[in-house]
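Below is the file query22.tsv, which contains TSV, C-alpha atoms.
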```
chain	number	residue	atom	x	y	z
U	9	MET	CA	46.11	71.02	84.24
U	10	GLN	CA	45.78	74.40	82.57
U	11	GLN	CA	48.95	75.63	84.34
U	12	ALA	CA	50.85	72.50	83.24
U	13	GLU	CA	49.78	73.04	79.62
U	14	GLN	CA	50.93	76.64	79.74
U	15	THR	CA	54.25	75.49	81.14
U	16	SER	CA	54.72	72.88	78.43
U	17	VAL	CA	53.81	75.39	75.71
U	18	ALA	CA	56.28	77.90	77.11
U	19	ALA	CA	58.97	75.23	77.22
U	20	THR	CA	58.39	74.25	73.56
U	21	THR	CA	58.15	77.84	72.32
U	22	PRO	CA	61.49	79.00	70.87
U	23	SER	CA	63.05	81.88	72.72
U	24	PRO	CA	63.91	85.08	70.91
U	25	PRO	CA	67.48	85.64	69.76
U	26	GLY	CA	69.75	86.91	72.53
U	27	HIS	CA	67.43	85.81	75.32
U	28	GLY	CA	69.59	82.81	76.28
U	29	THR	CA	72.70	84.93	75.99
U	30	GLN	CA	71.30	87.51	78.36
U	31	ARG	CA	70.28	84.80	80.82
U	32	ALA	CA	73.74	83.16	80.64
U	33	SER	CA	75.48	86.47	81.03
U	34	ALA	CA	73.37	87.21	84.07
U	35	GLY	CA	74.91	84.19	85.81
U	36	THR	CA	78.51	85.14	84.95
U	37	PRO	CA	80.39	87.62	87.15
U	38	GLN	CA	79.97	91.08	85.68
U	39	HIS	CA	82.29	92.83	88.15
U	40	LEU	CA	85.50	90.99	87.22
U	41	PRO	CA	87.11	94.04	85.52
U	42	ALA	CA	86.11	96.18	88.48
U	43	ARG	CA	87.68	93.69	90.88
U	44	LEU	CA	90.87	93.61	88.84
U	45	ALA	CA	90.97	97.40	88.82
U	46	THR	CA	90.46	97.46	92.59
U	47	LEU	CA	93.26	94.94	93.08
U	48	LEU	CA	95.57	96.93	90.82
U	49	THR	CA	94.74	100.12	92.69
U	50	LEU	CA	95.43	98.35	95.98
U	51	LEU	CA	98.85	97.18	94.77
U	52	LEU	CA	99.78	100.62	93.43
U	53	GLU	CA	98.43	102.94	96.10
U	54	GLN	CA	98.19	101.10	99.41
U	55	PRO	CA	101.08	99.16	101.01
U	56	ILE	CA	100.04	95.79	102.39
U	57	SER	CA	101.17	93.98	105.54
U	58	LEU	CA	103.24	96.79	107.02
U	59	TYR	CA	103.16	95.27	110.49
U	60	ALA	CA	104.11	91.87	109.09
U	61	ALA	CA	107.10	93.45	107.35
U	62	ALA	CA	108.10	95.05	110.65
U	63	VAL	CA	107.87	91.66	112.36
U	64	LEU	CA	110.10	90.16	109.67
U	65	ARG	CA	112.63	92.96	110.14
U	66	ILE	CA	112.70	92.58	113.92
U	67	GLY	CA	112.72	88.79	113.79
U	68	TYR	CA	115.52	88.30	111.29
U	69	GLY	CA	117.60	91.15	112.64
U	70	PHE	CA	117.39	89.68	116.13
U	71	LEU	CA	118.08	86.13	114.92
U	72	TYR	CA	121.24	87.03	113.05
U	73	PHE	CA	122.43	89.30	115.84
U	74	ALA	CA	121.95	86.45	118.33
U	75	PHE	CA	123.67	84.07	115.91
U	76	LEU	CA	126.75	86.30	115.64
U	77	VAL	CA	126.84	86.81	119.40
U	78	ARG	CA	126.58	83.06	120.02
U	79	GLU	CA	129.45	82.33	117.62
U	80	PHE	CA	131.59	85.21	118.90
U	81	PRO	CA	134.08	82.92	120.71
U	82	HIS	CA	134.45	80.81	117.53
U	83	ARG	CA	134.37	83.63	114.99
U	84	ASP	CA	138.00	83.17	113.90
U	85	GLU	CA	137.62	79.41	113.31
U	86	ILE	CA	134.44	79.90	111.25
U	87	TRP	CA	134.92	83.13	109.28
U	88	GLY	CA	138.30	84.58	110.27
U	89	PRO	CA	141.83	84.24	108.90
U	90	GLY	CA	142.45	81.28	111.24
U	91	SER	CA	139.66	79.19	109.72
U	92	PRO	CA	140.57	75.84	108.11
U	93	TRP	CA	138.60	77.11	105.11
U	94	THR	CA	141.09	79.89	104.41
U	95	PRO	CA	140.25	83.13	102.58
U	96	ALA	CA	142.33	81.90	99.62
U	97	LEU	CA	140.17	78.76	99.33
U	98	ALA	CA	137.05	80.87	99.63
U	99	ARG	CA	138.20	83.13	96.80
U	100	GLN	CA	138.88	80.11	94.61
U	101	LEU	CA	135.35	78.88	95.26
U	102	PHE	CA	133.95	82.34	94.48
U	103	ASP	CA	135.60	82.21	91.05
U	104	GLN	CA	133.54	79.09	90.31
U	105	THR	CA	130.23	79.94	91.99
U	106	GLY	CA	130.07	83.72	91.51
U	107	TRP	CA	129.59	84.46	95.20
U	108	ALA	CA	131.27	87.42	96.93
U	109	SER	CA	132.11	88.37	100.50
U	110	ILE	CA	133.53	91.46	102.13
U	111	LEU	CA	135.37	89.21	104.58
U	112	THR	CA	137.75	87.99	101.88
U	113	LEU	CA	138.90	91.45	100.79
U	114	SER	CA	141.78	91.27	103.26
U	115	ASP	CA	143.51	88.56	105.30
U	116	SER	CA	144.22	90.95	108.18
U	117	ARG	CA	142.83	90.00	111.58
U	118	ALA	CA	142.16	93.64	112.43
U	119	TYR	CA	140.06	94.00	109.26
U	120	PHE	CA	138.08	90.89	110.22
U	121	GLU	CA	137.41	92.23	113.72
U	122	VAL	CA	136.20	95.53	112.30
U	123	CYS	CA	133.89	93.70	109.89
U	124	TYR	CA	132.51	91.53	112.69
U	125	THR	CA	131.82	94.55	114.91
U	126	ALA	CA	130.18	96.37	112.00
U	127	ALA	CA	128.03	93.32	111.33
U	128	LEU	CA	126.80	93.26	114.93
U	129	ALA	CA	125.99	96.98	114.78
U	130	THR	CA	124.19	96.56	111.44
U	131	CYS	CA	121.99	93.75	112.76
U	132	ALA	CA	121.10	95.74	115.88
U	133	LEU	CA	120.25	98.92	113.96
U	134	PHE	CA	118.26	97.00	111.37
U	135	MET	CA	116.29	95.32	114.15
U	136	LEU	CA	115.56	98.68	115.77
U	137	GLY	CA	114.60	100.28	112.46
U	138	TRP	CA	117.16	103.10	112.32
U	139	ARG	CA	117.56	104.39	108.75
U	140	THR	CA	115.88	101.21	107.64
U	141	ARG	CA	116.28	101.74	103.90
U	142	ALA	CA	120.08	101.86	104.16
U	143	MET	CA	120.30	99.34	107.00
U	144	SER	CA	118.29	96.77	105.03
U	145	LEU	CA	120.83	96.94	102.22
U	146	LEU	CA	123.74	96.65	104.66
U	147	PHE	CA	122.01	93.77	106.44
U	148	ALA	CA	121.68	91.92	103.13
U	149	VAL	CA	125.39	92.50	102.45
U	150	VAL	CA	126.31	91.21	105.93
U	151	VAL	CA	124.19	88.05	105.66
U	152	THR	CA	125.43	87.33	102.14
U	153	SER	CA	129.07	87.88	103.12
U	154	PHE	CA	129.00	85.64	106.19
U	155	HIS	CA	126.97	82.98	104.37
U	156	ALA	CA	129.36	82.88	101.43
U	157	ARG	CA	132.51	82.92	103.59
U	158	ALA	CA	131.57	79.63	105.34
U	159	ILE	CA	129.11	78.15	102.88
U	160	PHE	CA	129.84	74.56	103.95
U	161	MET	CA	128.80	75.30	107.55
U	162	THR	CA	125.30	76.57	106.83
U	163	ASP	CA	121.90	74.98	107.35
U	164	GLY	CA	118.30	75.63	106.40
U	165	GLY	CA	118.01	78.56	108.78
U	166	ASP	CA	120.92	80.39	107.16
U	167	ASN	CA	119.51	79.83	103.67
U	168	LEU	CA	116.09	81.18	104.62
U	169	ILE	CA	117.55	84.22	106.40
U	170	LEU	CA	119.66	84.94	103.33
U	171	LEU	CA	116.61	84.90	101.06
U	172	MET	CA	114.54	87.02	103.43
U	173	ALA	CA	117.36	89.55	103.84
U	174	LEU	CA	117.43	90.02	100.06
U	175	TYR	CA	113.65	90.33	99.85
U	176	LEU	CA	113.38	92.80	102.73
U	177	VAL	CA	115.55	95.30	100.84
U	178	PHE	CA	112.56	96.03	98.59
U	179	THR	CA	109.98	96.34	101.39
U	180	ALA	CA	109.02	99.29	103.55
U	181	CYS	CA	109.78	97.32	106.72
U	182	GLY	CA	110.53	100.47	108.73
U	183	ARG	CA	107.05	101.97	108.57
U	184	CYS	CA	105.93	100.42	111.87
U	185	TRP	CA	107.59	99.71	115.21
U	186	SER	CA	110.84	101.45	114.32
U	187	LEU	CA	112.98	104.44	115.20
U	188	ASP	CA	112.22	105.83	111.75
U	189	THR	CA	108.54	106.01	112.63
U	190	ARG	CA	109.33	107.90	115.80
U	191	ARG	CA	111.58	110.35	113.93
U	192	THR	CA	108.93	110.92	111.25
U	193	ARG	CA	106.31	111.60	113.89
U	194	LEU	CA	108.55	114.14	115.63
U	195	ARG	CA	109.32	115.87	112.34
U	196	ALA	CA	105.63	116.06	111.49
U	197	SER	CA	104.83	117.67	114.82
U	198	ALA	CA	107.71	120.15	114.38
U	199	ALA	CA	106.55	121.00	110.85
U	200	LYS	CA	103.07	121.78	112.16
U	201	ALA	CA	104.54	124.14	114.72
U	202	VAL	CA	106.74	126.01	112.22
U	203	ARG	CA	105.42	126.49	108.70
U	204	LEU	CA	107.78	128.17	106.27
U	205	PRO	CA	106.34	130.02	103.23
U	206	LEU	CA	106.93	128.18	99.95
U	207	ASP	CA	106.28	129.38	96.44
U	208	GLN	CA	103.66	127.54	94.41
U	209	THR	CA	106.09	126.11	91.82
U	210	SER	CA	108.37	124.47	94.37
U	211	SER	CA	105.43	123.12	96.35
U	212	GLU	CA	103.90	121.54	93.23
U	213	LEU	CA	107.23	120.00	92.23
U	214	ARG	CA	107.75	118.58	95.69
U	215	ARG	CA	104.24	117.18	95.70
U	216	HIS	CA	104.74	115.41	92.37
U	217	LEU	CA	108.11	114.00	93.47
U	218	ARG	CA	106.60	112.84	96.74
U	219	ASP	CA	103.73	111.12	94.95
U	220	ALA	CA	106.07	109.41	92.50
U	221	ARG	CA	108.32	108.22	95.31
U	222	ARG	CA	105.33	106.93	97.29
U	223	THR	CA	104.07	104.98	94.27
U	224	VAL	CA	107.46	103.39	93.60
U	225	VAL	CA	107.94	102.46	97.27
U	226	THR	CA	104.43	101.00	97.48
U	227	VAL	CA	104.86	98.86	94.36
U	228	LEU	CA	108.26	97.55	95.48
U	229	HIS	CA	106.94	96.82	98.98
U	230	ASN	CA	103.86	94.96	97.75
U	231	CYS	CA	105.86	92.93	95.25
U	232	GLY	CA	108.42	92.11	97.94
U	233	MET	CA	105.77	90.89	100.38
U	234	LEU	CA	104.11	88.80	97.67
U	235	VAL	CA	107.45	87.21	96.79
U	236	ILE	CA	108.06	86.45	100.48
U	237	ALA	CA	104.64	84.79	100.75
U	238	ALA	CA	105.27	82.79	97.58
U	239	GLN	CA	108.69	81.71	98.86
U	240	VAL	CA	107.24	80.39	102.13
U	241	CYS	CA	104.40	78.60	100.33
U	242	PHE	CA	106.87	76.98	97.94
U	243	LEU	CA	109.07	75.95	100.87
U	244	TYR	CA	106.24	74.27	102.75
U	245	GLY	CA	104.69	72.69	99.67
U	246	SER	CA	107.94	71.25	98.34
U	247	ALA	CA	108.92	69.96	101.79
U	248	GLY	CA	105.55	68.23	102.21
U	249	LEU	CA	105.62	66.67	98.75
U	250	TYR	CA	109.19	65.51	99.30
U	251	LYS	CA	108.15	63.84	102.56
U	252	VAL	CA	105.26	62.08	100.87
U	253	GLN	CA	107.71	60.25	98.60
U	254	GLY	CA	109.62	58.80	101.57
U	255	ALA	CA	108.76	55.40	103.01
U	256	THR	CA	109.55	56.41	106.60
U	257	TRP	CA	107.11	59.32	106.47
U	258	GLY	CA	104.53	57.04	104.91
U	259	ASN	CA	104.65	54.50	107.71
U	260	GLY	CA	105.03	57.13	110.45
U	261	THR	CA	108.54	56.21	111.64
U	262	ALA	CA	110.56	59.17	110.34
U	263	LEU	CA	110.67	61.00	113.67
U	264	HIS	CA	111.79	57.79	115.38
U	265	TYR	CA	114.97	57.76	113.30
U	266	VAL	CA	115.48	61.50	113.70
U	267	LEU	CA	115.23	61.32	117.48
U	268	ASN	CA	117.90	58.61	117.56
U	269	LEU	CA	120.53	60.57	115.61
U	270	GLU	CA	123.34	61.68	117.91
U	271	LEU	CA	123.94	64.78	115.81
U	272	PHE	CA	120.42	66.03	116.68
U	273	GLN	CA	120.26	65.16	120.37
U	274	PRO	CA	120.88	68.25	122.51
U	275	TRP	CA	119.12	66.44	125.37
U	276	PRO	CA	119.41	62.66	124.86
U	277	GLU	CA	117.15	61.83	127.80
U	278	LEU	CA	114.38	64.01	126.41
U	279	SER	CA	114.74	62.42	122.96
U	280	ARG	CA	114.54	58.91	124.42
U	281	MET	CA	111.52	59.87	126.49
U	282	ALA	CA	109.70	61.16	123.41
U	283	ASP	CA	110.72	58.09	121.40
U	284	GLU	CA	108.81	55.82	123.78
U	285	HIS	CA	105.42	57.04	122.49
U	286	ASP	CA	105.10	55.25	119.15
U	287	VAL	CA	101.51	56.24	118.42
U	288	LEU	CA	102.15	59.91	119.18
U	289	ILE	CA	105.22	59.93	116.92
U	290	ALA	CA	103.19	58.43	114.04
U	291	ILE	CA	100.45	61.04	114.52
U	292	VAL	CA	102.99	63.87	114.51
U	293	CYS	CA	104.56	62.49	111.32
U	294	TYR	CA	101.26	62.39	109.44
U	295	LEU	CA	100.18	65.76	110.82
U	296	THR	CA	103.48	67.36	109.73
U	297	VAL	CA	103.06	66.16	106.16
U	298	LEU	CA	99.41	67.25	106.09
U	299	LEU	CA	100.17	70.74	107.40
U	300	GLN	CA	103.00	71.34	104.95
U	301	VAL	CA	101.09	70.14	101.91
U	302	ALA	CA	97.90	72.00	102.86
U	303	PHE	CA	99.62	75.23	103.90
U	304	PRO	CA	99.40	77.06	100.52
U	305	PHE	CA	95.67	76.24	100.26
U	306	VAL	CA	94.49	77.53	103.66
U	307	LEU	CA	95.93	81.04	103.52
U	308	PHE	CA	92.74	82.72	102.32
U	309	GLY	CA	90.44	81.59	105.11
U	310	ARG	CA	90.16	81.38	108.84
U	311	LEU	CA	91.60	77.89	108.79
U	312	LYS	CA	95.06	79.44	108.54
U	313	TYR	CA	95.00	80.45	112.21
U	314	PRO	CA	94.91	76.90	113.66
U	315	VAL	CA	97.36	75.79	110.96
U	316	LEU	CA	99.81	78.55	111.90
U	317	THR	CA	99.38	77.65	115.57
U	318	MET	CA	100.21	74.00	114.90
U	319	LEU	CA	103.19	75.02	112.77
U	320	LEU	CA	104.40	77.17	115.66
U	321	GLY	CA	104.28	74.14	117.93
U	322	MET	CA	106.10	72.06	115.30
U	323	HIS	CA	108.95	74.57	115.01
U	324	LEU	CA	109.26	74.89	118.77
U	325	GLY	CA	109.55	71.09	118.93
U	326	ILE	CA	112.31	71.18	116.29
U	327	ALA	CA	114.18	73.81	118.29
U	328	VAL	CA	113.93	71.83	121.55
U	329	PHE	CA	114.28	68.21	120.41
U	330	LEU	CA	116.64	68.64	117.44
U	331	GLY	CA	118.68	71.62	118.64
U	332	LEU	CA	117.99	73.87	115.61
U	333	PRO	CA	116.90	77.19	117.13
U	334	LEU	CA	118.08	79.32	114.21
U	335	PHE	CA	116.08	77.32	111.68
U	336	SER	CA	113.00	77.28	113.91
U	337	GLY	CA	113.21	81.01	114.58
U	338	ALA	CA	113.57	81.75	110.86
U	339	MET	CA	110.50	79.66	110.06
U	340	ILE	CA	108.43	81.19	112.87
U	341	ALA	CA	109.28	84.69	111.63
U	342	ALA	CA	108.32	83.67	108.08
U	343	ASP	CA	104.98	82.30	109.29
U	344	ALA	CA	104.27	85.60	111.03
U	345	ALA	CA	104.11	87.29	107.63
U	346	PHE	CA	100.71	85.69	106.99
U	347	LEU	CA	98.99	87.29	109.96
U	348	PRO	CA	96.94	90.40	109.06
U	349	ASP	CA	97.74	93.88	110.29
U	350	ARG	CA	94.61	94.01	112.44
U	351	PHE	CA	96.04	91.14	114.48
U	352	TYR	CA	99.22	93.10	115.22
U	353	ARG	CA	97.26	96.26	115.96
U	354	TYR	CA	95.20	94.31	118.45
U	355	LEU	CA	98.40	93.01	120.04
U	356	GLY	CA	99.66	96.59	120.31
U	357	GLN	CA	96.46	97.72	121.98
U	358	LEU	CA	96.57	94.75	124.33
U	359	TRP	CA	100.16	95.51	125.22
U	360	GLY	CA	99.23	99.14	125.96
U	361	ARG	CA	96.43	98.04	128.26
U	362	VAL	CA	98.68	95.60	130.10
U	363	ALA	CA	101.39	98.26	130.49
U	364	ALA	CA	98.88	100.80	131.81
U	365	TRP	CA	97.44	98.25	134.25
U	366	ALA	CA	100.93	97.35	135.47
U	367	ALA	CA	101.81	101.04	135.93
U	368	ILE	CA	98.62	101.67	137.94
U	369	ARG	CA	99.26	98.62	140.10
U	370	GLN	CA	102.85	99.66	140.73
U	371	ALA	CA	101.73	103.18	141.65
U	372	ARG	CA	99.21	101.79	144.11
U	373	ALA	CA	101.82	99.49	145.62
U	374	SER	CA	104.34	102.32	146.06
U	375	THR	CA	101.79	104.64	147.74
U	376	PRO	CA	101.91	104.14	151.54
U	377	ALA	CA	98.65	103.08	153.06
U	378	GLU	CA	96.98	105.78	155.13
U	379	THR	CA	96.26	104.70	158.70
U	380	ALA	CA	92.90	105.72	160.08
U	381	PRO	CA	93.13	107.99	163.16
U	382	VAL	CA	92.26	106.24	166.42
U	383	PRO	CA	89.60	108.13	168.38
U	384	PRO	CA	90.60	109.19	171.96
U	385	GLN	CA	89.70	106.61	174.60
U	386	ALA	CA	88.01	107.56	177.84
U	387	GLY	CA	90.11	107.17	180.96
U	388	PRO	CA	89.34	104.69	183.76
U	389	THR	CA	86.49	105.75	186.03
U	390	GLY	CA	86.12	105.45	189.78
```

I need this file expressed as structure tokens, please.
Amino acid sequence: MQQAEQTSVAATTPSPPGHGTQRASAGTPQHLPARLATLLTLLLEQPISLYAAAVLRIGYGFLYFAFLVREFPHRDEIWGPGSPWTPALARQLFDQTGWASILTLSDSRAYFEVCYTAALATCALFMLGWRTRAMSLLFAVVVTSFHARAIFMTDGGDNLILLMALYLVFTACGRCWSLDTRRTRLRASAAKAVRLPLDQTSSELRRHLRDARRTVVTVLHNCGMLVIAAQVCFLYGSAGLYKVQGATWGNGTALHYVLNLELFQPWPELSRMADEHDVLIAIVCYLTVLLQVAFPFVLFGRLKYPVLTMLLGMHLGIAVFLGLPLFSGAMIAADAAFLPDRFYRYLGQLWGRVAAWAAIRQARASTPAETAPVPPQAGPTG
């Protein structure tokens, strides 16, 4: 009873001024400015997702190189002077849309062949990471030129590759898994072996220029990777919300109609076989909409790993059943940007272990087995 009375008296006693404010401020986060400062320092001083940028470079460089190789027999009908969409028509469209293309600078067939060969070389060198800063700019010019030259023959994969090619110009996508990294490592080892004397003024100037360049490159890279992430989130979110408005996605029959379109039937027997499972098709429809709508909200937790795995399966299904490998490859490469660097470092370590194990096994297989000497046998007696 005495304790209850003390409690009631304390509850009715007015608190001194500022006491409630102190108690309320104790519950609010006090380290918000410190967190903002840490985030700003991270964006200005430390590049993020370097391995993811390298994966984007390798993925999109390989995809467009494979695309140009696949269309090599039909290059003249699509982009060349013999195309039904002539260079003159393309230039008239450019006057209205503001696009530009290096393929329309001349109507010569020899010029077109030189441009096509240069495009193949640019895609290959960009994929390998040779002089990545310059090759990224040339790769963006190549993708923009070919996209604009035959703009009525493009699909979602071409549009996404075009956007990513423009974004990758601002990223440091050659810092990992590239020929530039190998050249930088060799130069660093050579500089350690031979050290030339430098005066203090020139060394200070070089240090300041190097720090300024590093800051600019880091800021551009981080902003580019954030824009890429925002672009992919907007793509998935808008696609999911657009599907929600459709009646066929609402009743789970959208994939049934897609599988019966002749334009998207690379293997008709496989499409008909998949169309026989009505319940499975309805589940895939609802799961597709759920994954696309929820994608921007699961990127900051561990739930993104199963979501990315299911999206990988979805894009592989699109490539197989609908015959859209370029679109599926572009989306898979975009999804890879959300995996952390520690994941790619672990893959590199795993690959090194597998390679070492394979080398040891091959060495053991190539070494001839040593036969044990047979001891001399005693001759027959008697």

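Distances here use only C-alpha atoms; by that measure, the residue among U:Ala62, U:Val306, U:Val224, U:Leu71 closest to Leu187 in chain U is U:Ala62.
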
Interatomic distance (Å, one decimal) between CA of Phe329 in chain U and CA of Ile291 in chain U: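 We find that CA of Phe329 in chain U and CA of Ile291 in chain U lie 16.7 Å from each other.
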
Length of the CA of Leu332 in chain U to CA of Gly165 in chain U vector [Å]: 8.3 Å

Nearest candidate to Leu145 in chain U (options U:Thr179, U:Thr94, U:Asn268, U:Thr125; using all atoms listed in the file):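 So, comparing all the options, the nearest one is U:Thr179.
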
Surrounding residues of range 303-305 of chain U excluding itself and chain neighbours under 5 positions, 8 Å, all atoms listed in the file, as a VMD selection string: chain U and resid 241 to 242 244 to 245 312 315

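Comparing U:Ala237, U:Leu267, U:Leu101, U:Ala363 by their smallest distance to His285 in chain U, the closest is U:Leu267 (using all atoms listed in the file).
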
Residues within 12 Å of Ser109 in chain U, only C-alpha atoms, excluding chain neighbours under 5 positions, as a ChimeraX atom specification: /U:87,95,98-99,101-103,114,120,123,148-159

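Here CA of Tyr119 in chain U stands at a distance of 25.6 Å from CA of Arg141 in chain U.
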